[in-house]
Amino acid sequence: MTGRDGKKVRRRRVFYIPGYDPIHPRRYRELYRKEGAAQAAVSGHEIALRPKTGGGPYGWHVAARIEGAPVETDFEVLVWSDIVRDSMAPGIGATYLQLARTAWIYIASGALPRLVRLRQGPVIAAFYPVLMLLGQLALALLVARGAGAALALSGVPFVGWLGLALAWPVLAWFRRHDNRLYAYYLMHDYAFSARWRGANPPALEARLEAFRDTVAEALRGEVDEVLVVGHSSGAHLAVSVLADLIRAGAAPKGGPALSLLTLGQVVPMVSFLPQAGRLRADLAYLSARDEIAWVDVTAPGDGCAFALCDPVSVSGVAPKGKRWPLVISAAFTRTLSPARWQELRWRFFRLHFQYLCAFDRPGDYDYFRVTAGPMTLGARYAGRAPSKSRIETPLSPYRSVAP
């Protein structure tokens, strides 16, 4: 698959859908600038960023010369960080209630044991905020118990109970330092999907409709490729956006190549829930379409992703004639030098973003070649065999799809 005139890409529009992230999208521009320069030094790319002109989503312009060809790319971030921030508003007590509700939903629905059978790494990552928050509560109660015992030495009746007043300040201290611990952040992340048992809340559905319209407008423009990139939980949002777009007939024949790149996806955390019929329908629909090229990139070294799990097949909705996604590995242990791998291997959250970063021993996956190079996604991976170690076993306890 090449651009609209059958030649390589000269102009491209990229739409990046972040995961559950409350941070301003300039973070992704700076990441692209820094890591693009690092990859250019390794691979001989020429990559220059300048500010975006015009309205629309936050973004930047990339002028690159990669593989000997000049390419102009407009990069835009489809923002839903305001919805994320709103979902993170609950206080300390409400977060502990979220913990109990989220754990109950995953256990009672039967999703948790199926997810454990699929990949243990991301499930262990999901347990991290639960154990961290329970540990913080235990420590707060221990401090309160010690203070109460000290007060009780005064002999004043019932004064020891005043020690409980120290529990809340201890919990508040932990929350103030969550920028280093990530316990509250991750708990809100998992609770966001679990609250609606896999369905999208109304605010998110409205935002996905706006994303669809933005991508549809780009497909009417004078570009050779429109590439949608979904990272982490943004991967399943990207699937729904493109499924809606194609259903609406907004991917015209003879228009730009339409491509989907999903990175570090956590689709099963949502698609295995009982009310995720909308997502399961979108996965099944998109996997059989010839309007797109869809490549899914994960790595076993990323403990936060469902590495090499075909999101369509493991969700139990693979249709006859399934074409997508092409599941490949970023193979961190081979594409990062031993020294770099040793530096990053225990930095789990940093590794979850490695797909957007430079590799010092790049293989056939290079984020900057894909997003700023002269080939469409489909052309770049044409004939590429999927990973032999991919997982396709249908394990979701729910297979229903939305009509």
# chains A, B, ... in the order shown; residues from 1 in each chain; ligands from 1

$ residues_around --residues "Gly55 in chain A" --least-positions-apart "5" --cutoff "12 Å" --atoms "only C-alpha atoms" --output "PDB file with N, CA and C atoms, in the first residue's frame"
ATOM      1  N   TRP A  60       2.733  19.540  15.881  1.00  0.00           N
ATOM      2  CA  TRP A  60       3.978  20.105  15.388  1.00  0.00           C
ATOM      3  C   TRP A  60       4.206  19.593  13.973  1.00  0.00           C
ATOM      4  N   GLU A  76      -0.251  15.544  15.109  1.00  0.00           N
ATOM      5  CA  GLU A  76      -1.243  16.128  16.010  1.00  0.00           C
ATOM      6  C   GLU A  76      -1.606  15.135  17.107  1.00  0.00           C
ATOM      7  N   THR A 214     -12.127  14.530  12.969  1.00  0.00           N
ATOM      8  CA  THR A 214     -10.823  15.134  12.679  1.00  0.00           C
ATOM      9  C   THR A 214     -10.032  14.269  11.697  1.00  0.00           C
TER      10      THR A 214
END

$ select_by_dssp --residues "range 179-397 of chain A" --states "alpha helix (DSSP H)" --output "ChimeraX atom specification"
/A:179-181,183-195,202-219,234-247,268-271,277-286,311-314,332-335,338-344,348-351,367-372,377-380

$ closest_residue --among "A:Ala358, A:Leu279, A:Val327, A:Leu263" --to "Ser400 in chain A" --atoms "only C-alpha atoms"
A:Leu279

$ residues_around --residues "Pro325 in chain A" --least-positions-apart "2" --cutoff "10 Å" --atoms "only C-alpha atoms" --output "list of chain:residue names"
A:Leu260, A:Leu261, A:Thr262, A:Leu283, A:Leu286, A:Ser287, A:Ala288, A:Ile292, A:Ala293, A:Trp294, A:Val295, A:Asp296, A:Val297, A:Asp310, A:Pro311, A:Val312, A:Ser313, A:Lys322, A:Arg323, A:Val327, A:Ile328, A:Pro386

$ atom_distance --atom1 "CA of Tyr398 in chain A" --atom2 "CA of Ala103 in chain A"
17.8 Å

$ residues_around --residues "range 182-197 of chain A" --least-positions-apart "4" --cutoff "7 Å" --atoms "only C-alpha atoms" --output "mmCIF file with C-alpha atoms, in the first residue's frame"
data_model
loop_
_atom_site.group_PDB
_atom_site.id
_atom_site.type_symbol
_atom_site.label_atom_id
_atom_site.label_comp_id
_atom_site.auth_asym_id
_atom_site.auth_seq_id
_atom_site.Cartn_x
_atom_site.Cartn_y
_atom_site.Cartn_z
ATOM 1 C CA TYR A 20 -4.453 7.408 30.238
ATOM 2 C CA SER A 87 -11.533 10.895 36.547
ATOM 3 C CA MET A 88 -8.574 11.449 38.893
ATOM 4 C CA GLN A 98 -12.406 2.645 43.743
ATOM 5 C CA LEU A 99 -9.874 -0.001 44.700
ATOM 6 C CA THR A 102 -12.344 -2.329 40.645
ATOM 7 C CA ILE A 105 -15.467 -6.141 39.030
ATOM 8 C CA PRO A 129 -1.393 0.079 42.909
ATOM 9 C CA MET A 132 0.880 -0.103 47.292
ATOM 10 C CA LEU A 133 -2.333 1.561 48.486
ATOM 11 C CA ASP A 178 2.382 9.999 44.152
ATOM 12 C CA PRO A 201 -18.497 6.809 29.483
ATOM 13 C CA VAL A 270 -11.046 -3.648 28.605
ATOM 14 C CA LEU A 273 -15.021 -7.013 30.671
ATOM 15 C CA PRO A 274 -18.757 -7.781 30.333
ATOM 16 C CA GLN A 275 -19.954 -4.442 28.893
ATOM 17 C CA ALA A 276 -17.146 -4.075 26.310
#

$ closest_residue --among "A:Gly163, A:Leu49, A:Trp168, A:Asn179" --to "Ala37 in chain A" --atoms "only C-alpha atoms"
A:Leu49

$ residues_around --residues "Gly230 in chain A" --least-positions-apart "3" --cutoff "6 Å" --atoms "only C-alpha atoms" --output "number ranges by chain"
A: 17, 234-235, 238, 262
